[in-house]
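Dumped upload11.csv below, it's CSV, C-alpha atoms:
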```csv
chain,number,residue,atom,x,y,z
A,35,MET,CA,3.3,24.3,8.9
A,36,LEU,CA,1.0,21.2,8.7
A,37,GLU,CA,0.2,22.0,5.0
A,38,HIS,CA,3.9,22.1,4.2
A,39,LEU,CA,4.5,18.6,5.8
A,40,GLN,CA,1.5,17.2,4.0
A,41,SER,CA,2.6,18.5,0.6
A,42,LYS,CA,6.2,17.3,1.2
A,43,HIS,CA,5.3,13.7,2.3
A,44,VAL,CA,2.7,11.8,0.2
A,45,GLY,CA,1.6,9.4,2.9
A,46,THR,CA,0.5,12.0,5.4
A,47,GLY,CA,-2.6,12.9,3.4
A,48,HIS,CA,-4.5,16.1,3.4
A,49,ALA,CA,-8.0,17.4,4.4
A,50,ASP,CA,-9.6,15.7,1.3
A,51,THR,CA,-7.9,12.3,1.7
A,52,THR,CA,-10.5,9.6,1.6
A,53,ARG,CA,-10.4,6.6,3.9
A,54,TYR,CA,-9.6,4.4,0.9
A,55,GLU,CA,-6.7,6.5,-0.2
A,56,TRP,CA,-5.3,6.6,3.3
A,57,MET,CA,-5.7,2.8,3.6
A,58,VAL,CA,-3.9,2.2,0.2
A,59,ASN,CA,-1.0,4.4,1.4
A,60,GLN,CA,-0.7,2.5,4.6
A,61,HIS,CA,-0.7,-0.9,2.9
A,62,ARG,CA,1.9,0.2,0.3
A,63,ASP,CA,4.2,1.6,3.0
A,64,THR,CA,3.9,-1.7,4.9
A,65,LEU,CA,4.6,-3.8,1.8
A,66,ALA,CA,7.6,-1.5,0.9
A,67,SER,CA,9.0,-2.0,4.4
A,68,VAL,CA,8.7,-5.7,4.2
A,69,ILE,CA,10.4,-5.8,0.8
A,70,GLY,CA,13.1,-3.3,1.9
A,71,TYR,CA,14.2,-5.2,5.1
A,72,ASN,CA,15.9,-8.5,4.3
A,73,HIS,CA,15.0,-10.1,7.7
A,74,LEU,CA,11.3,-9.3,7.2
A,75,SER,CA,11.4,-10.8,3.6
A,76,SER,CA,13.2,-13.9,4.9
A,77,PHE,CA,10.6,-14.3,7.7
A,78,MET,CA,7.7,-14.0,5.3
A,79,ALA,CA,9.3,-16.4,2.8
A,80,LEU,CA,9.9,-19.0,5.6
A,81,ALA,CA,6.3,-18.6,6.8
A,82,GLU,CA,4.9,-19.1,3.3
A,83,ASN,CA,7.4,-21.8,2.4
A,84,GLU,CA,8.5,-19.9,-0.7
A,85,SER,CA,11.8,-18.5,-1.9
A,86,ILE,CA,12.8,-15.0,-0.9
A,87,ALA,CA,12.7,-13.8,-4.5
A,88,ARG,CA,9.3,-15.3,-5.1
A,89,THR,CA,8.0,-13.7,-1.9
A,90,ARG,CA,9.3,-10.3,-2.9
A,91,HIS,CA,7.8,-10.6,-6.3
A,92,MET,CA,4.4,-11.4,-4.8
A,93,LEU,CA,4.6,-8.5,-2.5
A,94,LYS,CA,5.5,-6.2,-5.4
A,95,GLN,CA,2.5,-7.5,-7.2
A,96,ARG,CA,0.3,-6.7,-4.2
A,97,MET,CA,1.5,-3.1,-4.2
A,98,ILE,CA,-0.3,-2.5,-7.5
A,99,ALA,CA,-3.7,-2.9,-5.8
A,100,PRO,CA,-3.1,-3.4,-2.0
A,101,CYS,CA,-6.8,-2.8,-1.0
A,102,HIS,CA,-8.8,-4.8,-3.6
A,103,HIS,CA,-10.8,-2.7,-6.1
A,104,ALA,CA,-14.1,-4.2,-4.7
A,105,GLU,CA,-13.6,-2.1,-1.5
A,106,ARG,CA,-13.3,1.2,-3.4
A,107,PRO,CA,-16.2,3.5,-2.5
A,108,ALA,CA,-18.8,4.0,-5.2
A,109,GLU,CA,-18.3,7.8,-5.0
A,110,GLN,CA,-14.8,7.5,-6.6
A,111,GLU,CA,-15.9,5.4,-9.6
A,112,GLN,CA,-16.5,7.3,-12.8
A,113,PRO,CA,-20.2,7.5,-13.8
A,114,GLN,CA,-21.0,5.8,-17.1
A,115,SER,CA,-22.8,7.8,-19.7
```
What would you get if you wrote out this structure as structure tokens?
Amino acid sequence: MLEHLQSKHVGTGHADTTRYEWMVNQHRDTLASVIGYNHLSSFMALAENESIARTRHMLKQRMIAPCHHAERPAEQEQPQS
């Protein structure tokens, strides 16, 4: 049953999910929620003194790499030959 849920929903992970992958999923889900709810986008725009459209654009840009590449564990990087 648990395997079925994990295969159906991407963010739930699986036995081989690394800490970094889990953290990226959590950050992307949070950013998607902020973008999706108008009141959260408005609040962030007000707090940052930016327009709502600019704030949403910046949040979408953050979704590309929500947990900076420098924090990625060395084991996931490809060895150079």
Select, counting only C-alpha atoms, all protein, DNA and RNA residues no farther than 12 Å from (-1.1, -1.7, 5.0) in file coordinates, and express the selection as JSON, numbers by chain.
{"A": [45, 54, 55, 56, 57, 58, 59, 60, 61, 62, 63, 64, 65, 66, 67, 68, 93, 96, 97, 99, 100, 101, 102]}
Saved selection, atoms kept: C-alpha atoms, as a PDB file, keeping the file's coordinate frame:
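Generated output (result.pdb):
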```
ATOM      1  CA  GLY A  45       1.600   9.400   2.900  1.00  0.00           C
ATOM      2  CA  TYR A  54      -9.600   4.400   0.900  1.00  0.00           C
ATOM      3  CA  GLU A  55      -6.700   6.500  -0.200  1.00  0.00           C
ATOM      4  CA  TRP A  56      -5.300   6.600   3.300  1.00  0.00           C
ATOM      5  CA  MET A  57      -5.700   2.800   3.600  1.00  0.00           C
ATOM      6  CA  VAL A  58      -3.900   2.200   0.200  1.00  0.00           C
ATOM      7  CA  ASN A  59      -1.000   4.400   1.400  1.00  0.00           C
ATOM      8  CA  GLN A  60      -0.700   2.500   4.600  1.00  0.00           C
ATOM      9  CA  HIS A  61      -0.700  -0.900   2.900  1.00  0.00           C
ATOM     10  CA  ARG A  62       1.900   0.200   0.300  1.00  0.00           C
ATOM     11  CA  ASP A  63       4.200   1.600   3.000  1.00  0.00           C
ATOM     12  CA  THR A  64       3.900  -1.700   4.900  1.00  0.00           C
ATOM     13  CA  LEU A  65       4.600  -3.800   1.800  1.00  0.00           C
ATOM     14  CA  ALA A  66       7.600  -1.500   0.900  1.00  0.00           C
ATOM     15  CA  SER A  67       9.000  -2.000   4.400  1.00  0.00           C
ATOM     16  CA  VAL A  68       8.700  -5.700   4.200  1.00  0.00           C
ATOM     17  CA  LEU A  93       4.600  -8.500  -2.500  1.00  0.00           C
ATOM     18  CA  ARG A  96       0.300  -6.700  -4.200  1.00  0.00           C
ATOM     19  CA  MET A  97       1.500  -3.100  -4.200  1.00  0.00           C
ATOM     20  CA  ALA A  99      -3.700  -2.900  -5.800  1.00  0.00           C
ATOM     21  CA  PRO A 100      -3.100  -3.400  -2.000  1.00  0.00           C
ATOM     22  CA  CYS A 101      -6.800  -2.800  -1.000  1.00  0.00           C
ATOM     23  CA  HIS A 102      -8.800  -4.800  -3.600  1.00  0.00           C
TER      24      HIS A 102
END
```
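As for atom CA of Phe77 of chain A and atom CA of Gln95 of chain A, they are spaced 18.3 Å apart.
Here atom CA of Ile69 of chain A and atom CA of Gly47 of chain A stand 22.9 Å from one another.
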Distance query 12 Å from (13.3, -11.8, -4.4) using all atoms listed in the file, result as a PyMOL selection string:
chain A and resi 68-72+75-76+78-79+84-95
Quick one: segment 70-81 of chain A with all heavy atoms, as a compact mmCIF listing (two decimals), in the frame of the given file?
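Below you can see part37.txt, which holds the result:
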```txt
# COMPACT_ATOMS: atom_id res chain seq x y z
N GLY A 70 11.86 -4.03 1.72
CA GLY A 70 13.10 -3.30 1.90
C GLY A 70 14.02 -3.95 3.00
O GLY A 70 15.25 -3.82 2.92
N TYR A 71 13.44 -4.59 4.01
CA TYR A 71 14.20 -5.20 5.10
C TYR A 71 14.38 -6.68 4.82
O TYR A 71 13.40 -7.41 4.79
CB TYR A 71 13.59 -4.95 6.44
CG TYR A 71 13.65 -3.51 6.88
CD1 TYR A 71 12.52 -2.71 6.88
CD2 TYR A 71 14.86 -2.95 7.31
CE1 TYR A 71 12.59 -1.38 7.29
CE2 TYR A 71 14.93 -1.64 7.71
CZ TYR A 71 13.80 -0.86 7.69
OH TYR A 71 13.87 0.45 8.09
N ASN A 72 15.63 -7.12 4.68
CA ASN A 72 15.90 -8.50 4.30
C ASN A 72 15.35 -9.50 5.38
O ASN A 72 14.84 -10.56 5.02
CB ASN A 72 17.40 -8.75 4.17
CG ASN A 72 17.93 -8.08 2.93
OD1 ASN A 72 17.20 -7.91 1.95
ND2 ASN A 72 19.19 -7.72 2.95
N HIS A 73 15.44 -9.16 6.65
CA HIS A 73 15.00 -10.10 7.70
C HIS A 73 13.46 -10.26 7.63
O HIS A 73 12.96 -11.36 7.88
CB HIS A 73 15.46 -9.67 9.07
CG HIS A 73 14.93 -8.35 9.54
ND1 HIS A 73 15.45 -7.15 9.13
CD2 HIS A 73 13.91 -8.07 10.37
CE1 HIS A 73 14.78 -6.18 9.71
NE2 HIS A 73 13.83 -6.70 10.47
N LEU A 74 12.72 -9.21 7.28
CA LEU A 74 11.30 -9.30 7.20
C LEU A 74 10.90 -10.17 5.93
O LEU A 74 9.98 -11.00 5.98
CB LEU A 74 10.60 -7.98 7.09
CG LEU A 74 10.65 -7.15 8.37
CD1 LEU A 74 10.04 -5.77 8.13
CD2 LEU A 74 9.91 -7.85 9.48
N SER A 75 11.62 -9.95 4.83
CA SER A 75 11.40 -10.80 3.60
C SER A 75 11.69 -12.22 3.88
O SER A 75 10.94 -13.11 3.45
CB SER A 75 12.23 -10.24 2.46
OG SER A 75 11.89 -8.92 2.13
N SER A 76 12.78 -12.48 4.58
CA SER A 76 13.20 -13.90 4.90
C SER A 76 12.11 -14.52 5.79
O SER A 76 11.76 -15.68 5.59
CB SER A 76 14.51 -13.89 5.60
OG SER A 76 15.50 -13.37 4.77
N PHE A 77 11.62 -13.78 6.77
CA PHE A 77 10.60 -14.30 7.70
C PHE A 77 9.33 -14.67 6.91
O PHE A 77 8.77 -15.75 7.09
CB PHE A 77 10.31 -13.31 8.78
CG PHE A 77 9.20 -13.75 9.70
CD1 PHE A 77 9.45 -14.72 10.66
CD2 PHE A 77 7.94 -13.21 9.59
CE1 PHE A 77 8.43 -15.13 11.51
CE2 PHE A 77 6.92 -13.62 10.43
CZ PHE A 77 7.17 -14.59 11.39
N MET A 78 8.88 -13.77 6.04
CA MET A 78 7.70 -14.00 5.30
C MET A 78 7.87 -15.22 4.33
O MET A 78 6.97 -16.05 4.15
CB MET A 78 7.23 -12.81 4.49
CG MET A 78 6.56 -11.78 5.37
SD MET A 78 5.64 -10.58 4.44
CE MET A 78 4.27 -11.56 3.87
N ALA A 79 9.04 -15.31 3.71
CA ALA A 79 9.30 -16.40 2.80
C ALA A 79 9.31 -17.75 3.56
O ALA A 79 8.75 -18.75 3.08
CB ALA A 79 10.67 -16.21 2.12
N LEU A 80 9.88 -17.76 4.73
CA LEU A 80 9.90 -19.00 5.60
C LEU A 80 8.46 -19.35 5.98
O LEU A 80 8.07 -20.52 5.90
CB LEU A 80 10.76 -18.75 6.79
CG LEU A 80 10.86 -19.92 7.76
CD1 LEU A 80 11.57 -21.09 7.09
CD2 LEU A 80 11.61 -19.48 9.01
N ALA A 81 7.68 -18.36 6.39
CA ALA A 81 6.30 -18.60 6.80
C ALA A 81 5.43 -19.15 5.70
O ALA A 81 4.54 -19.97 5.91
CB ALA A 81 5.70 -17.35 7.42
```
